[in-house]
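Asker: Coordinates in target.tsv, TSV, C-alpha atoms and all ligand atoms, are listed below.
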chain	number	residue	atom	x	y	z
A	1	MET	CA	8.17	-3.54	-16.41
A	2	ARG	CA	6.23	-2.95	-13.25
A	3	LYS	CA	6.99	-4.97	-10.15
A	4	ASN	CA	4.87	-7.64	-8.50
A	5	ILE	CA	4.55	-6.63	-4.88
A	6	VAL	CA	3.03	-8.27	-1.84
A	7	ALA	CA	2.98	-5.92	1.14
A	8	GLY	CA	1.96	-6.83	4.67
A	9	ASN	CA	0.17	-4.20	6.72
A	10	TRP	CA	0.45	-5.44	10.28
A	11	LYS	CA	-1.71	-2.56	11.60
A	12	MET	CA	-1.61	-2.23	15.42
A	13	ASN	CA	-0.78	-5.89	15.97
A	14	THR	CA	2.10	-7.88	17.52
A	15	LEU	CA	4.39	-6.97	20.40
A	16	PRO	CA	7.94	-6.10	19.34
A	17	GLU	CA	9.35	-9.55	20.10
A	18	GLU	CA	6.54	-11.25	18.16
A	19	GLY	CA	7.05	-8.89	15.26
A	20	LEU	CA	10.73	-9.69	15.14
A	21	GLU	CA	9.95	-13.42	15.11
A	22	LEU	CA	7.49	-12.94	12.27
A	23	ALA	CA	10.08	-10.99	10.28
A	24	LEU	CA	12.70	-13.67	10.92
A	25	SER	CA	10.44	-16.46	9.74
A	26	LEU	CA	9.67	-14.52	6.56
A	27	ILE	CA	13.38	-14.03	5.94
A	28	GLU	CA	14.00	-17.73	6.45
A	29	GLN	CA	11.30	-18.89	4.07
A	30	TYR	CA	11.23	-16.16	1.38
A	31	LYS	CA	12.43	-17.60	-1.89
A	32	ASN	CA	10.18	-16.28	-4.64
A	33	GLU	CA	12.12	-13.80	-6.70
A	34	ASN	CA	9.12	-12.99	-8.91
A	35	VAL	CA	7.66	-10.90	-6.15
A	36	GLN	CA	8.93	-8.09	-3.96
A	37	LEU	CA	7.91	-8.48	-0.33
A	38	ILE	CA	7.31	-5.44	1.87
A	39	ILE	CA	6.34	-5.51	5.52
A	40	ALA	CA	4.82	-2.66	7.50
A	41	PRO	CA	5.14	-3.32	11.24
A	42	PRO	CA	4.12	-0.79	13.92
A	43	PHE	CA	6.53	2.12	14.52
A	44	THR	CA	7.91	0.58	17.74
A	45	HIS	CA	9.21	-2.43	15.78
A	46	LEU	CA	10.77	-0.71	12.81
A	47	TRP	CA	14.33	-0.24	13.96
A	48	GLU	CA	14.86	-3.80	15.17
A	49	VAL	CA	13.13	-5.25	12.12
A	50	SER	CA	15.16	-2.99	9.85
A	51	LYS	CA	18.40	-4.45	11.19
A	52	VAL	CA	17.39	-8.05	10.45
A	53	LEU	CA	15.97	-7.23	7.01
A	54	GLU	CA	19.21	-5.72	5.75
A	55	GLY	CA	20.46	-7.56	2.67
A	56	THR	CA	17.50	-10.00	2.59
A	57	GLY	CA	15.60	-8.44	-0.31
A	58	ILE	CA	12.55	-7.84	1.90
A	59	TYR	CA	11.62	-4.17	2.14
A	60	LEU	CA	10.34	-2.19	5.09
A	61	SER	CA	7.42	0.22	5.24
A	62	SER	CA	5.85	2.40	7.89
A	63	GLN	CA	2.06	2.53	8.20
A	64	ASN	CA	1.92	6.31	8.30
A	65	VAL	CA	4.19	9.35	8.19
A	66	ALA	CA	3.91	12.94	9.43
A	67	LYS	CA	3.13	15.66	6.93
A	68	GLU	CA	5.56	17.99	8.75
A	69	ASP	CA	9.33	18.12	9.04
A	70	MET	CA	10.86	17.29	12.42
A	71	GLY	CA	9.85	19.70	15.14
A	72	ALA	CA	7.20	20.40	17.76
A	73	TYR	CA	4.54	17.89	16.66
A	74	THR	CA	3.80	15.73	19.68
A	75	GLY	CA	3.10	12.13	18.81
A	76	GLU	CA	4.14	12.30	15.16
A	77	ILE	CA	6.93	10.46	13.30
A	78	ALA	CA	8.86	12.34	10.61
A	79	ALA	CA	9.84	10.91	7.24
A	80	GLU	CA	13.50	11.75	8.01
A	81	MET	CA	13.40	9.50	11.09
A	82	LEU	CA	12.01	6.62	9.10
A	83	LYS	CA	14.49	7.04	6.28
A	84	GLU	CA	17.36	7.15	8.76
A	85	ILE	CA	16.52	3.71	10.19
A	86	GLY	CA	16.23	2.04	6.81
A	87	VAL	CA	12.52	2.32	6.00
A	88	GLN	CA	11.91	2.46	2.24
A	89	TYR	CA	8.11	2.76	1.91
A	90	ALA	CA	5.28	4.51	3.75
A	91	ILE	CA	1.63	3.49	3.61
A	92	ILE	CA	-0.35	6.70	3.14
A	93	GLY	CA	-4.11	7.13	3.06
A	94	HIS	CA	-5.21	3.78	4.45
A	95	SER	CA	-8.98	3.84	4.91
A	96	GLU	CA	-8.57	3.40	8.67
A	97	ARG	CA	-6.50	6.61	8.77
A	98	ARG	CA	-9.07	8.38	6.61
A	99	ALA	CA	-12.01	7.18	8.73
A	100	TYR	CA	-10.67	7.28	12.31
A	101	TYR	CA	-8.09	10.07	12.12
A	102	ASN	CA	-9.82	12.38	9.66
A	103	GLU	CA	-7.05	12.30	7.09
A	104	ASN	CA	-8.50	14.02	4.05
A	105	CYS	CA	-7.13	14.28	0.52
A	106	GLN	CA	-5.26	17.55	1.25
A	107	ILE	CA	-3.52	16.13	4.33
A	108	LEU	CA	-2.65	13.00	2.37
A	109	ALA	CA	-1.19	15.07	-0.47
A	110	GLN	CA	1.11	16.74	2.07
A	111	LYS	CA	2.16	13.36	3.44
A	112	VAL	CA	2.90	12.12	-0.08
A	113	ASN	CA	5.04	15.20	-0.70
A	114	LYS	CA	6.96	14.77	2.52
A	115	ALA	CA	7.60	11.08	1.87
A	116	LEU	CA	8.81	11.74	-1.68
A	117	ALA	CA	11.04	14.61	-0.60
A	118	THR	CA	12.70	12.18	1.82
A	119	LYS	CA	12.91	9.37	-0.74
A	120	LEU	CA	10.35	7.15	0.95
A	121	ASN	CA	8.09	5.50	-1.61
A	122	PRO	CA	4.41	6.01	-0.81
A	123	ILE	CA	2.04	3.05	-0.94
A	124	PHE	CA	-0.98	5.23	-1.53
A	125	CYS	CA	-4.34	3.66	-0.64
A	126	VAL	CA	-7.68	4.44	-2.21
A	127	GLY	CA	-11.03	2.74	-1.78
A	128	GLU	CA	-14.76	3.26	-1.71
A	129	LYS	CA	-17.31	2.45	0.98
A	130	LEU	CA	-20.15	0.06	0.32
A	131	GLU	CA	-22.67	2.89	-0.03
A	132	ASP	CA	-20.49	4.51	-2.72
A	133	ARG	CA	-20.48	1.30	-4.71
A	134	GLU	CA	-24.18	0.71	-4.22
A	135	SER	CA	-24.98	4.21	-5.43
A	136	ASN	CA	-22.62	3.69	-8.36
A	137	GLN	CA	-20.25	6.45	-7.30
A	138	HIS	CA	-17.21	4.28	-6.79
A	139	PHE	CA	-15.37	5.33	-9.96
A	140	GLU	CA	-15.92	9.04	-9.27
A	141	LEU	CA	-14.77	8.65	-5.70
A	142	ILE	CA	-11.56	6.81	-6.58
A	143	LYS	CA	-10.87	9.43	-9.24
A	144	LYS	CA	-11.26	12.19	-6.67
A	145	GLN	CA	-8.97	10.45	-4.16
A	146	ILE	CA	-6.28	10.05	-6.80
A	147	GLU	CA	-6.66	13.49	-8.36
A	148	GLU	CA	-6.62	15.38	-5.08
A	149	SER	CA	-3.68	13.60	-3.46
A	150	LEU	CA	-1.49	12.53	-6.37
A	151	PHE	CA	-2.11	14.51	-9.53
A	152	HIS	CA	-0.06	17.52	-8.46
A	153	LEU	CA	3.03	15.27	-8.77
A	154	SER	CA	5.46	15.55	-11.64
A	155	GLU	CA	6.17	12.65	-14.02
A	156	GLU	CA	9.38	11.92	-12.14
A	157	GLU	CA	7.60	11.90	-8.80
A	158	ILE	CA	4.59	9.76	-9.71
A	159	LYS	CA	6.94	6.96	-10.83
A	160	ASN	CA	7.82	6.36	-7.18
A	161	ILE	CA	4.25	5.73	-6.10
A	162	VAL	CA	2.65	2.34	-5.52
A	163	ILE	CA	-1.16	2.48	-5.49
A	164	ALA	CA	-3.29	0.13	-3.42
A	165	TYR	CA	-6.98	-0.23	-4.27
A	166	GLU	CA	-8.73	-1.32	-1.10
A	167	PRO	CA	-12.53	-1.27	-1.16
A	168	VAL	CA	-13.47	-0.40	2.42
A	169	TRP	CA	-16.27	-2.98	2.43
A	170	ALA	CA	-13.71	-5.73	1.82
A	171	ILE	CA	-11.19	-4.79	4.54
A	172	GLY	CA	-11.18	-7.20	7.46
A	173	THR	CA	-14.69	-8.37	6.56
A	174	GLY	CA	-13.88	-11.62	4.77
A	175	LYS	CA	-15.67	-10.19	1.70
A	176	THR	CA	-13.24	-9.93	-1.17
A	177	ALA	CA	-13.96	-7.94	-4.28
A	178	SER	CA	-14.43	-10.38	-7.13
A	179	SER	CA	-11.46	-10.55	-9.46
A	180	GLU	CA	-13.64	-8.83	-12.12
A	181	GLN	CA	-14.59	-5.98	-9.78
A	182	ALA	CA	-10.96	-5.51	-8.76
A	183	GLN	CA	-9.61	-5.73	-12.31
A	184	GLU	CA	-12.21	-3.22	-13.51
A	185	MET	CA	-11.12	-0.67	-10.92
A	186	HIS	CA	-7.41	-1.31	-11.44
A	187	ALA	CA	-7.80	-0.80	-15.18
A	188	TYR	CA	-9.70	2.41	-14.47
A	189	ILE	CA	-6.93	3.69	-12.19
A	190	ARG	CA	-4.31	2.85	-14.82
A	191	GLN	CA	-6.39	4.68	-17.41
A	192	LEU	CA	-6.49	7.78	-15.18
A	193	LEU	CA	-2.70	7.64	-14.85
A	194	SER	CA	-2.30	7.26	-18.56
A	195	GLU	CA	-4.56	10.25	-19.30
A	196	LYS	CA	-2.86	12.49	-16.75
A	197	TYR	CA	0.73	11.40	-17.46
A	198	ASN	CA	1.32	8.95	-20.28
A	199	ASN	CA	0.91	5.32	-21.15
A	200	GLU	CA	4.45	4.36	-20.29
A	201	ILE	CA	4.19	5.80	-16.80
A	202	ALA	CA	0.80	4.17	-16.25
A	203	GLU	CA	2.12	0.80	-17.38
A	204	ASN	CA	5.02	0.99	-14.94
A	205	ILE	CA	3.10	1.82	-11.76
A	206	SER	CA	2.26	-1.19	-9.57
A	207	ILE	CA	-1.36	-1.25	-8.45
A	208	LEU	CA	-2.07	-3.60	-5.54
A	209	TYR	CA	-5.39	-5.01	-4.40
A	210	GLY	CA	-6.26	-5.05	-0.70
A	211	GLY	CA	-9.23	-6.32	1.27
A	212	SER	CA	-9.52	-9.88	2.64
A	213	CYS	CA	-6.85	-11.11	0.27
A	214	LYS	CA	-5.76	-14.58	1.38
A	215	PRO	CA	-4.00	-17.69	0.04
A	216	SER	CA	-7.27	-19.07	-1.35
A	217	ASN	CA	-8.14	-16.04	-3.51
A	218	ALA	CA	-4.78	-14.41	-4.24
A	219	LYS	CA	-4.00	-16.41	-7.35
A	220	GLU	CA	-7.18	-15.48	-9.16
A	221	LEU	CA	-6.76	-11.81	-8.23
A	222	PHE	CA	-3.08	-11.68	-9.21
A	223	GLN	CA	-3.81	-13.28	-12.57
A	224	GLN	CA	-5.74	-10.21	-13.62
A	225	LYS	CA	-3.92	-8.02	-16.08
A	226	ASP	CA	-3.86	-4.86	-13.97
A	227	ILE	CA	-3.46	-6.38	-10.52
A	228	ASP	CA	0.21	-6.33	-9.58
A	229	GLY	CA	0.00	-7.79	-6.11
A	230	GLY	CA	-1.67	-7.19	-2.78
A	231	LEU	CA	-1.73	-5.13	0.38
A	232	ILE	CA	-2.46	-7.75	3.00
A	233	GLY	CA	-3.82	-7.13	6.51
A	234	GLY	CA	-4.97	-10.11	8.57
A	235	ALA	CA	-3.21	-12.74	6.48
A	236	ALA	CA	0.12	-10.90	6.81
A	237	LEU	CA	0.31	-11.82	10.49
A	238	LYS	CA	1.09	-15.47	9.74
A	239	ALA	CA	4.29	-16.13	7.82
A	240	GLU	CA	2.84	-19.19	6.03
A	241	ASP	CA	-0.23	-17.32	4.80
A	242	PHE	CA	1.71	-14.24	3.74
A	243	LEU	CA	4.24	-16.31	1.83
A	244	ALA	CA	1.51	-18.47	0.29
A	245	ILE	CA	-0.06	-15.26	-1.02
A	246	ALA	CA	3.31	-14.17	-2.43
A	247	ASP	CA	3.72	-17.59	-4.02
A	248	SER	CA	0.46	-17.06	-5.92
A	249	PHE	CA	2.59	-15.31	-8.54
B	301	LIG	P1	-7.34	-7.22	5.35
B	301	LIG	O1	-6.75	-5.75	5.41
B	301	LIG	O2	-6.42	-8.03	4.48
B	301	LIG	O3	-7.31	-7.71	6.79
B	301	LIG	O4	-8.71	-7.14	4.81
B	301	LIG	C1	-6.17	-5.15	4.30
B	301	LIG	C2	-5.72	-3.75	4.63
B	301	LIG	O5	-6.42	-3.08	5.41
B	301	LIG	O6	-4.68	-3.27	4.15
Could you write out this file's structure as structure tokens?

Answerer:
Amino acid sequence: MRKNIVAGNWKMNTLPEEGLELALSLIEQYKNENVQLIIAPPFTHLWEVSKVLEGTGIYLSSQNVAKEDMGAYTGEIAAEMLKEIGVQYAIIGHSERRAYYNENCQILAQKVNKALATKLNPIFCVGEKLEDRESNQHFELIKKQIEESLFHLSEEEIKNIVIAYEPVWAIGTGKTASSEQAQEMHAYIRQLLSEKYNNEIAENISILYGGSCKPSNAKELFQQKDIDGGLIGGAALKAEDFLAIADSF
């Protein structure tokens, strides 16, 4: 059975002390065993947060990872470094990385490989822009993003991937995809996985929705058959909101 997951992408927000406080209040209030919580603070916070998360059942993710092994790559953070301090997941392919840092499908495939080789589980993000949806190219585009960055993986490897469908037009805009629009895309992604691998693998991969997910709309989204949780941005910065979203399961 696939897991229900609610993951918080803090993006470039909070100072280290604030981040630690946020993590501590999540630890204090997290009780729902039906859902796995993951938090993705900025790199500067990871080590401290990792120490307090130990043994709590809340998992830790980075927001990015280098595609190279350790070495002369100024400004990058290697998968080995993250693994060493207790990070279990890495967000890869967030639309902000694709748009502002030119991360294309080939670069993202390399990042996925590096994460998997180091036993970090990728939370791999896909999503279309508004113009793609309006010109009815959203299914093709999502297919391309998945094919070019994930479909070189073996059956054993793909099992370690979490996919997040995040329509770019819904991120940070207050516009959520309707539960029908999200379900339709999630079912499509699962179908692609089933065709490429097999039904059992497809049924066991968690597919999260992201984009203005909040306490008021999480329940309806999470009730959809193929929506297994959320990747939460803005609402992950307040413990009450993040936990209320998790409690929508
Ligand atoms: P949002 O961000 O919840 O603030 O829309 C989601 C994300 O970018 O992962």

Asker: Counting all atoms listed in the file, name the residues that have an atom within 9 Å of an atom of ligand LIG 301 (chain B); the answer should be given as a PyMOL selection string.

Answerer: chain A and resi 7-11+94-96+125+164+166+168-176+209-214+230-236

Asker: Between CA of Trp47 in chain A and CA of Asn121 in chain A, what distance in Å does the model show, to one decimal?

Answerer: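 Result for CA of Trp47 in chain A versus CA of Asn121 in chain A: 17.7 Å, one decimal.
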
Asker: For the atom pair CA of Ile123 in chain A and CA of Leu22 in chain A, what is the interatomic distance in Å to one decimal place?

Answerer: 21.4 Å

Asker: Report, in Å with one decimal, the straight-line distance from CA of Gln181 in chain A to CA of Gly93 in chain A.

Answerer: 21.1 Å

Asker: Which one is closest to Met70 in chain A: A:Thr118, A:Asn102, A:Ser194, A:Asn136? Count all atoms listed in the file.

Answerer: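 Looking only at the distances to Met70 in chain A, the closest residue turns out to be A:Thr118.
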
Asker: Within 10 Å of Arg190 in chain A, counting only C-alpha atoms, which residues show up once you throw out same-chain ones fewer than 3 positions away? Write them as a list in words, please.

Answerer: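 Residues meeting the cut-off are Ile163, Met185, His186, Ala187, Leu193, Ser194, Glu195, Lys196, Asn198, Asn199, Ile201, Ala202, Glu203, Asn204, Ile205, Ser206, Ile207 and Asp226 of chain A.
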
Asker: Would you output range 59-175 of chain A from that structure, restricted to C-alpha atoms, as a tab-separated table (two decimals), in the first residue's frame?

Answerer:
chain	number	residue	atom	x	y	z
A	59	TYR	CA	11.28	12.86	7.98
A	60	LEU	CA	13.73	15.38	6.60
A	61	SER	CA	14.21	16.50	3.01
A	62	SER	CA	16.51	18.90	1.22
A	63	GLN	CA	15.08	21.22	-1.44
A	64	ASN	CA	17.75	20.40	-3.99
A	65	VAL	CA	20.84	18.25	-4.43
A	66	ALA	CA	23.94	18.45	-6.65
A	67	LYS	CA	24.14	16.21	-9.68
A	68	GLU	CA	27.87	15.68	-9.01
A	69	ASP	CA	29.80	13.77	-6.37
A	70	MET	CA	31.75	15.80	-3.81
A	71	GLY	CA	34.50	17.88	-5.36
A	72	ALA	CA	35.25	21.23	-6.94
A	73	TYR	CA	31.68	22.51	-7.46
A	74	THR	CA	31.49	25.86	-5.71
A	75	GLY	CA	28.15	26.50	-4.07
A	76	GLU	CA	26.73	23.00	-4.47
A	77	ILE	CA	25.66	20.46	-1.83
A	78	ALA	CA	26.37	16.78	-2.46
A	79	ALA	CA	23.95	13.94	-1.77
A	80	GLU	CA	26.59	12.29	0.45
A	81	MET	CA	26.66	15.35	2.72
A	82	LEU	CA	22.90	15.31	3.09
A	83	LYS	CA	22.76	11.60	3.76
A	84	GLU	CA	25.48	11.92	6.39
A	85	ILE	CA	23.47	14.42	8.46
A	86	GLY	CA	20.30	12.35	8.42
A	87	VAL	CA	18.40	13.71	5.42
A	88	GLN	CA	16.15	11.05	3.84
A	89	TYR	CA	14.49	12.83	0.91
A	90	ALA	CA	15.48	15.41	-1.72
A	91	ILE	CA	13.04	17.59	-3.64
A	92	ILE	CA	14.17	17.49	-7.27
A	93	GLY	CA	12.75	19.41	-10.20
A	94	HIS	CA	10.66	22.00	-8.38
A	95	SER	CA	9.27	24.44	-10.93
A	96	GLU	CA	11.21	27.30	-9.31
A	97	ARG	CA	14.45	25.38	-9.95
A	98	ARG	CA	13.37	24.65	-13.52
A	99	ALA	CA	12.38	28.27	-14.19
A	100	TYR	CA	15.01	30.33	-12.32
A	101	TYR	CA	18.03	28.01	-12.41
A	102	ASN	CA	17.54	26.44	-15.82
A	103	GLU	CA	17.30	22.89	-14.54
A	104	ASN	CA	16.20	20.85	-17.53
A	105	CYS	CA	15.06	17.23	-17.73
A	106	GLN	CA	18.60	15.92	-18.37
A	107	ILE	CA	20.07	17.75	-15.36
A	108	LEU	CA	17.17	16.53	-13.24
A	109	ALA	CA	17.72	12.94	-14.36
A	110	GLN	CA	21.33	13.22	-13.16
A	111	LYS	CA	20.15	14.60	-9.81
A	112	VAL	CA	17.68	11.73	-9.46
A	113	ASN	CA	20.47	9.25	-10.15
A	114	LYS	CA	22.79	10.82	-7.64
A	115	ALA	CA	20.11	10.91	-4.95
A	116	LEU	CA	19.17	7.27	-5.51
A	117	ALA	CA	22.79	6.13	-5.54
A	118	THR	CA	23.14	7.75	-2.11
A	119	LYS	CA	19.84	6.34	-0.82
A	120	LEU	CA	18.06	9.68	-0.68
A	121	ASN	CA	14.48	9.35	-1.90
A	122	PRO	CA	13.64	11.91	-4.58
A	123	ILE	CA	10.42	13.89	-4.33
A	124	PHE	CA	10.29	14.55	-8.04
A	125	CYS	CA	8.17	17.53	-9.11
A	126	VAL	CA	6.36	17.96	-12.40
A	127	GLY	CA	3.91	20.61	-13.50
A	128	GLU	CA	2.65	22.61	-16.44
A	129	LYS	CA	2.41	26.36	-16.94
A	130	LEU	CA	-0.91	28.05	-17.53
A	131	GLU	CA	-0.23	28.44	-21.25
A	132	ASP	CA	0.42	24.68	-21.55
A	133	ARG	CA	-2.94	23.94	-19.98
A	134	GLU	CA	-4.75	26.55	-22.04
A	135	SER	CA	-3.29	25.13	-25.24
A	136	ASN	CA	-4.21	21.64	-24.06
A	137	GLN	CA	-0.63	20.43	-23.93
A	138	HIS	CA	-0.52	19.71	-20.23
A	139	PHE	CA	-0.69	15.91	-20.51
A	140	GLU	CA	2.05	15.79	-23.15
A	141	LEU	CA	4.26	18.06	-21.09
A	142	ILE	CA	3.91	16.06	-17.88
A	143	LYS	CA	4.60	12.90	-19.86
A	144	LYS	CA	7.79	14.42	-21.24
A	145	GLN	CA	8.96	15.57	-17.80
A	146	ILE	CA	8.43	12.10	-16.38
A	147	GLU	CA	9.83	10.19	-19.35
A	148	GLU	CA	12.99	12.26	-19.65
A	149	SER	CA	13.94	12.36	-15.98
A	150	LEU	CA	12.56	9.12	-14.54
A	151	PHE	CA	11.94	6.46	-17.16
A	152	HIS	CA	15.57	5.37	-17.41
A	153	LEU	CA	15.19	3.99	-13.86
A	154	SER	CA	14.89	0.30	-13.13
A	155	GLU	CA	11.86	-1.22	-11.39
A	156	GLU	CA	13.81	-1.34	-8.14
A	157	GLU	CA	14.83	2.30	-8.45
A	158	ILE	CA	11.47	3.82	-9.39
A	159	LYS	CA	9.93	2.35	-6.22
A	160	ASN	CA	11.91	4.89	-4.19
A	161	ILE	CA	10.46	7.90	-5.98
A	162	VAL	CA	7.67	10.13	-4.71
A	163	ILE	CA	6.09	12.24	-7.46
A	164	ALA	CA	4.61	15.68	-6.82
A	165	TYR	CA	2.25	17.16	-9.40
A	166	GLU	CA	2.43	20.91	-9.03
A	167	PRO	CA	0.74	22.97	-11.73
A	168	VAL	CA	2.90	26.10	-11.97
A	169	TRP	CA	-0.17	28.34	-12.23
A	170	ALA	CA	-1.30	27.15	-8.80
A	171	ILE	CA	1.98	27.63	-6.91
A	172	GLY	CA	1.89	30.55	-4.50
A	173	THR	CA	-0.99	32.11	-6.43
A	174	GLY	CA	-3.91	31.10	-4.23
A	175	LYS	CA	-5.39	29.31	-7.27
